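I have placed the structure first, in the form of structure tokens, so that the comments after it can refer back to it.
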Amino acid sequence: MSGRVVNREDFIPDEVWVTGDDGFFLVPLRRSEDPEGWLALVRSDQAITTQVDDGRDKYDGKGIIPTSSCSARWVVDRMLDLLGVRPGMRVLEIGTGTGYNAALLAVQAGSGQVTSMEVDPMIAGQARAALDRTGHPVRVIAGDGTAGYPAGAPYDRVIATASVSVVPCSWVEQTRPGGRIVFPFAGTFDGALAVLVVDDDGVARGRFHDEAGFMRLRNQRRDPHVWWLGEDDADVRPTRRYLREPFDDAATGFAVGLWLPGCTTGDIDEGGPANTLLLSHSPSQSWASLTAGLDEHEITQYGPRRLWDELETAYDWWMNSGRPSRDRFGLAVTPDGQTFWLDNPDHAILLR
């Protein structure tokens with residue numbers, strides 16, 4: 001669908017980023033230097049990284065962290081399908097990026113119906129120029145998307161192309177009753193696409209759908225981990241239970257991660273049995289690890305929260321509930337916060 005109505009090539013900058021030969025750093029792929037390679041990537045179905053490290057040259061022309069991109073075609077089409085835009089609808093997009101997705105929205109909604117917000121002024125300017133050049137009328141605003149854009153409200157549809165762990169209330173407040181909000185949810189282990197509908201009472205409710213991994217909104221990036229803080233004072237206990245599944249399996253990780261919001265995870269593989277799994281919760285200055293042994297493993301926990309105990313409790317709850325799939329979970333957003341639930345909003349997951 002998307003490739004037939006808007007040419008992605010018109011929106012991709014002449015410099016993009018690909019994994020280098022060392023498998024670690026991202027390196028520039030420039031249209032002027034490798035036109036065939038650039039064009040092959042642009043015409044593929046792959047996601048394309050268009051900015052690294054917030055545009056700062058921190059590593060002598062190389063990059064580490066992708067900070068803006070054009071999403072893979074399948075996820076673009078899937079999100080637009082979930083959004084269900086019809087002609088004449090007023091649409092707010094959070095995360096303009098290249099402007100490609102905004103152009104698709106403009107084709108669906110019609111002239112002058114789409115407002116798109118981009119936190120990076122340089123990226124916003126590039127997208128605005130591409131949209132103007134290709135004749136797609138979109139209002140591009142350089143600003144923080146978590147505030148929404150009240151001047152254009154109310155909206156029939158809101159879509160975010162960056163993931164969030166906490167849904168901004170402004171998105172709900174600026175969506176008319178019956179309106180739909182589609183975004184990638186950033187879980188502790190794995191993420192998913194979410195679709196919320198705003199009710200007459202101003203509460204947004206909905207379910208999770210496909211697995212999805214997106215860059216986060218810049219003001220909702222993960223907290224720095226606190227692993228090894230106060231290690232000498234940490235509690236250590238042996239265990240024969242090697243709970244690795246949430247770290248390896250996306251469906252398991254998504255469900256279990258709902259019980260551990262705001263945590264970061266890690267996996268250190270030193271070869272042999274000495275693999276270490278890590279959890280960190282920066283606000284409470286708590287962390288936990290499981291270091292594998294041959295027959296017995298070692299759990300280390302520090303801080304007011306016992307994160308590994310919480311992980312085991314969450315996993316056991318999920319197992320005892322019949323290993324429910326991602327699409328059985330939902331989310332409700334009110335002015336007081338957000339609540340996760342299983343099967344229906346009356347079955348809330350009570351977080352710590």
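Following the order of the structure tokens, chains are lettered A, B, ..., residues in each are numbered from 1, and ligands are numbered from 1.
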- Query: Taking the backbone alone, and naming residues the way the document does, which bits of region 215-317 of chain A are strand (DSSP E) by DSSP, as a ChimeraX atom specification?
  - Reply: /A:235-239,264-268,276-281,286-291,297-302
At most 12 Å is the cut-off: for each residue in region 225-292 of chain A with any atom that close to an atom of region 173-185 of chain A, write down the nearest atom pair and the distance in Å rounded to one decimal, counting only C-alpha atoms, chain first then increasing number, as a tab-separated table.
residue	atom	partner	partner_atom	distance
A:Phe254	CA	A:Phe185	CA	9.9
A:Gly257	CA	A:Phe185	CA	11.6
A:Leu258	CA	A:Phe185	CA	10.7
A:Pro261	CA	A:Phe185	CA	11.5
With N, CA and C atoms retained, could you export that selection as a JSON list (two decimals), in the first residue's frame?
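The resulting file, out_9.json, is reproduced below:
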[["chain", "number", "residue", "atom", "x", "y", "z"],
["A", 254, "PHE", "N", 7.45, -9.41, 27.27],
["A", 254, "PHE", "CA", 6.45, -8.34, 27.28],
["A", 254, "PHE", "C", 5.51, -8.47, 28.47],
["A", 257, "GLY", "N", 7.33, -8.08, 31.85],
["A", 257, "GLY", "CA", 7.83, -6.71, 32.00],
["A", 257, "GLY", "C", 6.78, -5.72, 32.44],
["A", 258, "LEU", "N", 5.49, -6.03, 32.22],
["A", 258, "LEU", "CA", 4.43, -5.13, 32.68],
["A", 258, "LEU", "C", 4.45, -4.97, 34.19],
["A", 261, "PRO", "N", 7.74, -2.01, 35.52],
["A", 261, "PRO", "CA", 7.92, -0.81, 34.70],
["A", 261, "PRO", "C", 9.10, 0.02, 35.17]]
- request: For Ser170 (chain A), list every protein, DNA or RNA residue within 7 Å, evaluated using only C-alpha atoms, and leave out those in the same chain fewer than 5 positions away; present the list as JSON, numbers by chain.
  value: {"A": [146, 147, 148]}
Please build the interface table for region 144-166 of chain A against region 78-91 of chain A with a cut-off of 8 Å, listing for each qualifying residue the nearest atom pair and the distance in Å to one decimal; count only C-alpha atoms, order rows by chain and increasing number, and write it as a tab-separated table.
residue	atom	partner	partner_atom	distance
A:Pro154	CA	A:Arg90	CA	7.7
A:Tyr155	CA	A:Arg90	CA	5.0
A:Asp156	CA	A:Arg90	CA	5.3
A:Arg157	CA	A:Val91	CA	4.8
A:Val158	CA	A:Val91	CA	5.8
A:Ile159	CA	A:Leu83	CA	7.3
Item to check | Residue neighbourhood Asp248 (chain A), 12 Å, only C-alpha atoms, exclusion window fewer than 6 positions, as a list in words | outcome: Phe189, Asp190, Phe254, Val256, Thr265, Gly266, Asp267 and Leu277 of chain A
For the residues selected in the previous step, produce a file with N, CA, C and O atoms as a tab-separated table (two decimals), in the first residue's frame.
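Final output, selection.tsv:
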chain	number	residue	atom	x	y	z
A	189	PHE	N	11.23	-5.44	28.88
A	189	PHE	CA	11.98	-6.39	28.06
A	189	PHE	C	11.70	-6.19	26.57
A	189	PHE	O	12.61	-6.07	25.77
A	190	ASP	N	10.41	-6.20	26.20
A	190	ASP	CA	10.02	-6.10	24.80
A	190	ASP	C	8.79	-5.21	24.67
A	190	ASP	O	7.99	-5.08	25.61
A	254	PHE	N	7.45	-9.41	27.27
A	254	PHE	CA	6.45	-8.34	27.28
A	254	PHE	C	5.51	-8.47	28.47
A	254	PHE	O	5.28	-7.52	29.22
A	256	VAL	N	5.77	-10.28	31.35
A	256	VAL	CA	6.42	-10.18	32.66
A	256	VAL	C	6.89	-8.75	32.90
A	256	VAL	O	6.83	-8.23	34.03
A	265	THR	N	17.32	-3.76	31.59
A	265	THR	CA	17.80	-5.13	31.65
A	265	THR	C	19.15	-5.25	30.96
A	265	THR	O	19.53	-4.40	30.15
A	266	GLY	N	19.87	-6.29	31.27
A	266	GLY	CA	21.16	-6.53	30.65
A	266	GLY	C	21.49	-8.00	30.64
A	266	GLY	O	20.91	-8.80	31.38
A	267	ASP	N	22.44	-8.36	29.78
A	267	ASP	CA	22.86	-9.75	29.64
A	267	ASP	C	24.34	-9.75	29.31
A	267	ASP	O	24.75	-9.26	28.25
A	277	LEU	N	22.55	-12.26	34.03
A	277	LEU	CA	21.36	-11.51	33.67
A	277	LEU	C	21.17	-10.40	34.69
A	277	LEU	O	21.38	-10.61	35.89
- [ ] Point out the residue among A:Val27, A:Asp199, A:Phe214, A:Val167 with the least atom-to-atom distance to Val76 (chain A), counting only C-alpha atoms.
- [x]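 Of all the options, A:Phe214 lies closest to Val76 (chain A).
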Could you name the residues that touch Gly143 (chain A) at 7 Å or less, counting only C-alpha atoms, but leaving out those on the same chain fewer than 5 positions away, as a list in words?
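Result of the neighbour search: Met117, Glu118 and Val119 of chain A.
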Let's have the selection written as a PDB file, in the first residue's frame, with all heavy atoms.
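Heads up, here's the output in out_21.pdb:
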ATOM      1  N   MET A 117       4.653  16.532  14.602  1.00  0.00           N
ATOM      2  CA  MET A 117       5.575  17.171  15.529  1.00  0.00           C
ATOM      3  C   MET A 117       6.903  16.425  15.552  1.00  0.00           C
ATOM      4  O   MET A 117       6.939  15.187  15.582  1.00  0.00           O
ATOM      5  CB  MET A 117       4.987  17.216  16.932  1.00  0.00           C
ATOM      6  CG  MET A 117       3.708  18.010  17.033  1.00  0.00           C
ATOM      7  SD  MET A 117       3.316  18.394  18.746  1.00  0.00           S
ATOM      8  CE  MET A 117       4.635  19.524  19.179  1.00  0.00           C
ATOM      9  N   GLU A 118       8.000  17.175  15.552  1.00  0.00           N
ATOM     10  CA  GLU A 118       9.342  16.612  15.577  1.00  0.00           C
ATOM     11  C   GLU A 118      10.192  17.393  16.556  1.00  0.00           C
ATOM     12  O   GLU A 118      10.295  18.613  16.461  1.00  0.00           O
ATOM     13  CB  GLU A 118       9.959  16.663  14.174  1.00  0.00           C
ATOM     14  CG  GLU A 118      11.428  16.307  14.101  1.00  0.00           C
ATOM     15  CD  GLU A 118      11.724  14.913  14.643  1.00  0.00           C
ATOM     16  OE1 GLU A 118      11.076  13.948  14.207  1.00  0.00           O
ATOM     17  OE2 GLU A 118      12.616  14.815  15.526  1.00  0.00           O
ATOM     18  N   VAL A 119      10.812  16.697  17.518  1.00  0.00           N
ATOM     19  CA  VAL A 119      11.559  17.366  18.573  1.00  0.00           C
ATOM     20  C   VAL A 119      12.875  17.962  18.074  1.00  0.00           C
ATOM     21  O   VAL A 119      13.365  18.944  18.639  1.00  0.00           O
ATOM     22  CB  VAL A 119      11.806  16.375  19.738  1.00  0.00           C
ATOM     23  CG1 VAL A 119      12.791  15.290  19.332  1.00  0.00           C
ATOM     24  CG2 VAL A 119      12.288  17.096  20.994  1.00  0.00           C
TER      25      VAL A 119
END
Ranking A:Gly20, A:Pro246, A:Pro324, A:Gly213 by minimum distance to Leu278 (chain A) and counting only C-alpha atoms, which one comes first?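 Checking each of A:Gly20, A:Pro246, A:Pro324, A:Gly213 against Leu278 (chain A), counting only C-alpha atoms, the winner is A:Pro246.
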Expected answer as JSON, numbers by chain: alpha helix (DSSP H) residues in region 37-188 of chain A
{"A": [37, 38, 39, 40, 41, 42, 73, 74, 75, 76, 77, 78, 79, 80, 81, 82, 83, 100, 101, 102, 103, 104, 105, 106, 107, 108, 109, 121, 122, 123, 124, 125, 126, 127, 128, 129, 130, 131, 132, 133, 134, 169, 170, 171, 172, 173]}
Could you dump the residues just selected with N, CA and C atoms as a CSV table (one decimal), in the first residue's frame?
chain,number,residue,atom,x,y,z
A,37,GLY,N,24.3,1.3,-3.6
A,37,GLY,CA,24.0,0.8,-2.3
A,37,GLY,C,22.9,1.6,-1.6
A,38,TRP,N,23.0,2.9,-1.7
A,38,TRP,CA,22.0,3.8,-1.1
A,38,TRP,C,20.6,3.4,-1.6
A,39,LEU,N,20.5,3.3,-2.9
A,39,LEU,CA,19.2,3.1,-3.6
A,39,LEU,C,18.7,1.7,-3.2
A,40,ALA,N,19.5,0.7,-3.2
A,40,ALA,CA,19.1,-0.6,-2.8
A,40,ALA,C,18.5,-0.6,-1.4
A,41,LEU,N,19.1,0.1,-0.5
A,41,LEU,CA,18.6,0.1,0.9
A,41,LEU,C,17.3,0.9,0.9
A,42,VAL,N,17.2,2.0,0.2
A,42,VAL,CA,16.0,2.8,0.3
A,42,VAL,C,14.8,2.1,-0.4
A,73,ARG,N,8.9,-1.0,6.1
A,73,ARG,CA,7.6,-0.8,5.4
A,73,ARG,C,6.4,-1.6,6.1
A,74,TRP,N,6.7,-2.8,6.6
A,74,TRP,CA,5.6,-3.6,7.1
A,74,TRP,C,5.0,-2.9,8.4
A,75,VAL,N,5.9,-2.3,9.2
A,75,VAL,CA,5.4,-1.7,10.4
A,75,VAL,C,4.7,-0.4,10.1
A,76,VAL,N,5.2,0.3,9.1
A,76,VAL,CA,4.4,1.5,8.7
A,76,VAL,C,3.0,1.2,8.3
A,77,ASP,N,2.9,0.2,7.4
A,77,ASP,CA,1.6,-0.2,6.9
A,77,ASP,C,0.7,-0.8,8.1
A,78,ARG,N,1.3,-1.5,9.0
A,78,ARG,CA,0.5,-2.1,10.1
A,78,ARG,C,0.0,-1.0,11.0
A,79,MET,N,0.8,0.0,11.3
A,79,MET,CA,0.3,1.1,12.2
A,79,MET,C,-0.7,1.9,11.5
A,80,LEU,N,-0.6,2.1,10.2
A,80,LEU,CA,-1.6,2.9,9.5
A,80,LEU,C,-2.9,2.1,9.4
A,81,ASP,N,-2.8,0.8,9.3
A,81,ASP,CA,-4.0,-0.1,9.3
A,81,ASP,C,-4.7,0.0,10.6
A,82,LEU,N,-3.9,-0.1,11.7
A,82,LEU,CA,-4.5,0.0,13.0
A,82,LEU,C,-5.1,1.4,13.3
A,83,LEU,N,-4.5,2.4,12.7
A,83,LEU,CA,-5.0,3.8,12.9
A,83,LEU,C,-6.3,4.1,12.3
A,100,TYR,N,8.1,10.8,5.6
A,100,TYR,CA,7.4,9.8,4.8
A,100,TYR,C,6.1,9.3,5.3
A,101,ASN,N,6.0,9.0,6.6
A,101,ASN,CA,4.8,8.6,7.2
A,101,ASN,C,3.7,9.7,7.2
A,102,ALA,N,4.2,10.9,7.4
A,102,ALA,CA,3.3,12.1,7.4
A,102,ALA,C,2.7,12.2,6.0
A,103,ALA,N,3.5,12.0,5.0
A,103,ALA,CA,2.9,12.0,3.6
A,103,ALA,C,1.8,11.0,3.4
A,104,LEU,N,2.1,9.8,3.9
A,104,LEU,CA,1.1,8.7,3.8
A,104,LEU,C,-0.2,9.1,4.5
A,105,LEU,N,-0.1,9.7,5.7
A,105,LEU,CA,-1.2,10.2,6.4
A,105,LEU,C,-2.0,11.3,5.6
A,106,ALA,N,-1.2,12.2,5.0
A,106,ALA,CA,-1.9,13.3,4.2
A,106,ALA,C,-2.7,12.7,3.1
A,107,VAL,N,-2.1,11.7,2.4
A,107,VAL,CA,-2.9,11.0,1.3
A,107,VAL,C,-4.2,10.4,1.8
A,108,GLN,N,-4.2,9.9,3.0
A,108,GLN,CA,-5.4,9.2,3.6
A,108,GLN,C,-6.4,10.3,4.1
A,109,ALA,N,-5.9,11.3,4.8
A,109,ALA,CA,-6.8,12.2,5.5
A,109,ALA,C,-7.2,13.4,4.6
A,121,PRO,N,14.8,20.2,15.6
A,121,PRO,CA,14.5,21.2,14.6
A,121,PRO,C,15.1,20.9,13.3
A,122,MET,N,16.4,20.4,13.2
A,122,MET,CA,17.0,20.1,11.9
A,122,MET,C,16.2,19.1,11.2
A,123,ILE,N,15.8,18.0,11.8
A,123,ILE,CA,15.0,16.9,11.2
A,123,ILE,C,13.7,17.5,10.8
A,124,ALA,N,13.1,18.3,11.6
A,124,ALA,CA,11.8,18.9,11.2
A,124,ALA,C,11.9,19.7,10.0
A,125,GLY,N,13.0,20.5,9.8
A,125,GLY,CA,13.2,21.3,8.6
A,125,GLY,C,13.4,20.5,7.4
A,126,GLN,N,14.1,19.4,7.5
A,126,GLN,CA,14.3,18.5,6.4
A,126,GLN,C,13.0,17.8,5.9
A,127,ALA,N,12.2,17.4,6.9
A,127,ALA,CA,10.9,16.8,6.6
A,127,ALA,C,10.0,17.8,6.0
A,128,ARG,N,10.0,19.0,6.5
A,128,ARG,CA,9.1,20.0,6.0
A,128,ARG,C,9.4,20.3,4.5
A,129,ALA,N,10.7,20.4,4.2
A,129,ALA,CA,11.2,20.6,2.8
A,129,ALA,C,10.8,19.5,1.9
A,130,ALA,N,10.9,18.3,2.4
A,130,ALA,CA,10.6,17.1,1.6
A,130,ALA,C,9.1,17.0,1.3
A,131,LEU,N,8.3,17.4,2.3
A,131,LEU,CA,6.8,17.3,2.1
A,131,LEU,C,6.4,18.4,1.2
A,132,ASP,N,7.0,19.6,1.3
A,132,ASP,CA,6.6,20.7,0.4
A,132,ASP,C,7.0,20.4,-1.0
A,133,ARG,N,8.2,19.8,-1.2
A,133,ARG,CA,8.8,19.5,-2.5
A,133,ARG,C,7.9,18.4,-3.2
A,134,THR,N,7.4,17.5,-2.5
A,134,THR,CA,6.6,16.4,-3.1
A,134,THR,C,5.1,16.7,-3.1
A,169,CYS,N,-0.7,12.3,29.0
A,169,CYS,CA,-2.2,12.6,29.1
A,169,CYS,C,-2.6,13.6,28.0
A,170,SER,N,-1.7,14.4,27.5
A,170,SER,CA,-2.0,15.4,26.5
A,170,SER,C,-2.6,14.7,25.2
A,171,TRP,N,-2.1,13.6,24.9
A,171,TRP,CA,-2.6,12.9,23.7
A,171,TRP,C,-4.0,12.5,23.9
A,172,VAL,N,-4.4,12.0,25.1
A,172,VAL,CA,-5.7,11.6,25.4
A,172,VAL,C,-6.6,12.9,25.4
A,173,GLU,N,-6.2,13.9,26.1
A,173,GLU,CA,-7.0,15.1,26.2
A,173,GLU,C,-7.3,15.8,24.9
| message | At a cut-off of 12 Å, using only C-alpha atoms, what residues contact Asp54 (chain A)? Leave out same-chain residues fewer than 3 positions from it and give the result as a ChimeraX atom specification. | response | /A:49-51,57-58,63-69,119-123,215,217-218
What would the file look like if the residues just selected were written as a short mmCIF file (atom, residue, chain, number, x, y, z; two decimals), in the first residue's frame with all heavy atoms?
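As a result, part_20.cif now contains:
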data_model
loop_
_atom_site.label_atom_id
_atom_site.label_comp_id
_atom_site.auth_asym_id
_atom_site.auth_seq_id
_atom_site.Cartn_x
_atom_site.Cartn_y
_atom_site.Cartn_z
N THR A 49 18.19 3.90 9.22
CA THR A 49 18.64 4.86 10.23
C THR A 49 19.10 6.13 9.53
O THR A 49 19.98 6.11 8.67
CB THR A 49 19.80 4.27 11.05
OG1 THR A 49 19.34 3.09 11.73
CG2 THR A 49 20.30 5.28 12.08
N THR A 50 18.52 7.25 9.94
CA THR A 50 18.81 8.53 9.29
C THR A 50 19.55 9.51 10.20
O THR A 50 19.97 10.58 9.74
CB THR A 50 17.51 9.18 8.78
OG1 THR A 50 16.58 9.28 9.88
CG2 THR A 50 16.88 8.34 7.68
N GLN A 51 19.68 9.17 11.47
CA GLN A 51 20.46 10.00 12.40
C GLN A 51 21.01 9.11 13.50
O GLN A 51 20.34 8.15 13.92
CB GLN A 51 19.62 11.12 13.02
CG GLN A 51 20.42 12.10 13.87
CD GLN A 51 19.54 12.96 14.76
OE1 GLN A 51 18.89 12.47 15.69
NE2 GLN A 51 19.50 14.25 14.46
N ASP A 57 28.52 14.41 16.46
CA ASP A 57 29.64 13.60 16.00
C ASP A 57 30.54 13.30 17.19
O ASP A 57 31.51 14.00 17.47
CB ASP A 57 30.42 14.33 14.90
CG ASP A 57 31.52 13.47 14.29
OD1 ASP A 57 31.61 12.29 14.66
OD2 ASP A 57 32.28 13.99 13.46
N LYS A 58 30.22 12.20 17.90
CA LYS A 58 30.93 11.87 19.13
C LYS A 58 32.02 10.83 18.92
O LYS A 58 32.85 10.62 19.78
CB LYS A 58 29.93 11.36 20.17
CG LYS A 58 28.85 12.36 20.53
CD LYS A 58 27.71 11.72 21.30
CE LYS A 58 28.15 11.14 22.62
NZ LYS A 58 26.99 10.59 23.38
N GLY A 63 28.92 6.22 14.51
CA GLY A 63 27.82 6.38 15.46
C GLY A 63 27.57 5.10 16.22
O GLY A 63 28.02 4.02 15.82
N ILE A 64 26.82 5.23 17.31
CA ILE A 64 26.47 4.06 18.12
C ILE A 64 24.96 3.91 18.25
O ILE A 64 24.41 2.84 18.00
CB ILE A 64 27.12 4.15 19.52
CG1 ILE A 64 28.64 4.01 19.42
CG2 ILE A 64 26.56 3.07 20.44
CD1 ILE A 64 29.34 4.04 20.75
N ILE A 65 24.27 4.97 18.63
CA ILE A 65 22.84 4.87 18.95
C ILE A 65 22.00 5.50 17.84
O ILE A 65 22.12 6.71 17.58
CB ILE A 65 22.54 5.56 20.29
CG1 ILE A 65 23.37 4.93 21.41
CG2 ILE A 65 21.05 5.46 20.61
CD1 ILE A 65 23.25 5.64 22.73
N PRO A 66 21.14 4.73 17.16
CA PRO A 66 20.21 5.34 16.19
C PRO A 66 19.23 6.25 16.92
O PRO A 66 18.64 5.86 17.93
CB PRO A 66 19.49 4.13 15.59
CG PRO A 66 20.36 2.95 15.90
CD PRO A 66 21.02 3.26 17.21
N THR A 67 19.06 7.47 16.41
CA THR A 67 18.16 8.42 17.08
C THR A 67 17.08 8.97 16.15
O THR A 67 16.25 9.76 16.58
CB THR A 67 18.96 9.57 17.70
OG1 THR A 67 19.88 10.11 16.74
CG2 THR A 67 19.75 9.09 18.91
N SER A 68 17.10 8.59 14.89
CA SER A 68 15.99 8.90 13.99
C SER A 68 16.05 7.91 12.84
O SER A 68 17.14 7.46 12.45
CB SER A 68 16.06 10.33 13.47
OG SER A 68 14.86 10.67 12.77
N SER A 69 14.89 7.57 12.30
CA SER A 69 14.88 6.56 11.25
C SER A 69 13.61 6.66 10.44
O SER A 69 12.66 7.36 10.80
CB SER A 69 15.00 5.16 11.85
OG SER A 69 13.81 4.81 12.54
N VAL A 119 10.81 16.70 17.52
CA VAL A 119 11.56 17.37 18.57
C VAL A 119 12.87 17.96 18.07
O VAL A 119 13.36 18.94 18.64
CB VAL A 119 11.81 16.38 19.74
CG1 VAL A 119 12.79 15.29 19.33
CG2 VAL A 119 12.29 17.10 20.99
N ASP A 120 13.45 17.40 17.02
CA ASP A 120 14.73 17.87 16.50
C ASP A 120 14.48 18.90 15.41
O ASP A 120 13.96 18.56 14.33
CB ASP A 120 15.52 16.69 15.95
CG ASP A 120 16.95 17.04 15.58
OD1 ASP A 120 17.14 18.01 14.81
OD2 ASP A 120 17.88 16.35 16.03
N PRO A 121 14.85 20.17 15.62
CA PRO A 121 14.54 21.22 14.63
C PRO A 121 15.15 20.95 13.26
O PRO A 121 14.52 21.26 12.23
CB PRO A 121 15.13 22.48 15.26
CG PRO A 121 15.20 22.19 16.72
CD PRO A 121 15.48 20.73 16.83
N MET A 122 16.35 20.38 13.21
CA MET A 122 16.98 20.11 11.92
C MET A 122 16.20 19.05 11.15
O MET A 122 15.93 19.20 9.95
CB MET A 122 18.42 19.66 12.11
CG MET A 122 19.16 19.44 10.79
SD MET A 122 20.84 18.79 11.02
CE MET A 122 20.47 17.11 11.54
N ILE A 123 15.82 17.98 11.84
CA ILE A 123 15.04 16.94 11.19
C ILE A 123 13.68 17.48 10.76
O ILE A 123 13.18 17.16 9.67
CB ILE A 123 14.88 15.73 12.13
CG1 ILE A 123 16.25 15.07 12.36
CG2 ILE A 123 13.90 14.72 11.57
CD1 ILE A 123 16.21 13.93 13.36
N MET A 215 12.69 3.36 18.59
CA MET A 215 13.40 4.34 19.41
C MET A 215 12.40 5.03 20.33
O MET A 215 11.25 5.23 19.97
CB MET A 215 14.06 5.39 18.52
CG MET A 215 15.03 4.83 17.51
SD MET A 215 15.53 6.08 16.31
CE MET A 215 16.22 5.03 15.04
N LEU A 217 10.76 8.14 22.65
CA LEU A 217 10.71 9.59 22.73
C LEU A 217 11.90 10.08 23.54
O LEU A 217 12.30 9.44 24.52
CB LEU A 217 9.42 10.05 23.42
CG LEU A 217 8.11 9.99 22.64
CD1 LEU A 217 6.98 10.51 23.54
CD2 LEU A 217 8.16 10.78 21.36
N ARG A 218 12.46 11.20 23.14
CA ARG A 218 13.71 11.61 23.77
C ARG A 218 13.58 11.89 25.26
O ARG A 218 14.52 11.70 26.02
CB ARG A 218 14.26 12.84 23.04
CG ARG A 218 14.71 12.50 21.63
CD ARG A 218 15.58 13.56 21.01
NE ARG A 218 15.93 13.18 19.63
CZ ARG A 218 16.74 13.88 18.86
NH1 ARG A 218 17.27 15.00 19.32
NH2 ARG A 218 16.99 13.48 17.64
#
**Request:** For Asp343 (chain A), please output as a list in words all residues within 10 Å (counting only C-alpha atoms; exclusion window: fewer than 5 positions along the same chain).
**Result:** Arg207, Pro324, Asp327, Arg328, Phe329, Gly330 and Ala348 of chain A
Those selected residues, please, written with C-alpha atoms and delivered as a PDB file, in the first residue's frame.
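Everything below was put into again.pdb:
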ATOM      1  CA  ARG A 207      -5.183  -3.488  23.730  1.00  0.00           C
ATOM      2  CA  PRO A 324      -1.524 -15.276  28.179  1.00  0.00           C
ATOM      3  CA  ASP A 327      -3.055  -9.396  22.683  1.00  0.00           C
ATOM      4  CA  ARG A 328      -4.853 -10.374  25.880  1.00  0.00           C
ATOM      5  CA  PHE A 329      -3.264  -7.457  27.718  1.00  0.00           C
ATOM      6  CA  GLY A 330      -4.599  -3.936  27.659  1.00  0.00           C
ATOM      7  CA  ALA A 348      -6.058  -4.818  36.571  1.00  0.00           C
TER       8      ALA A 348
END
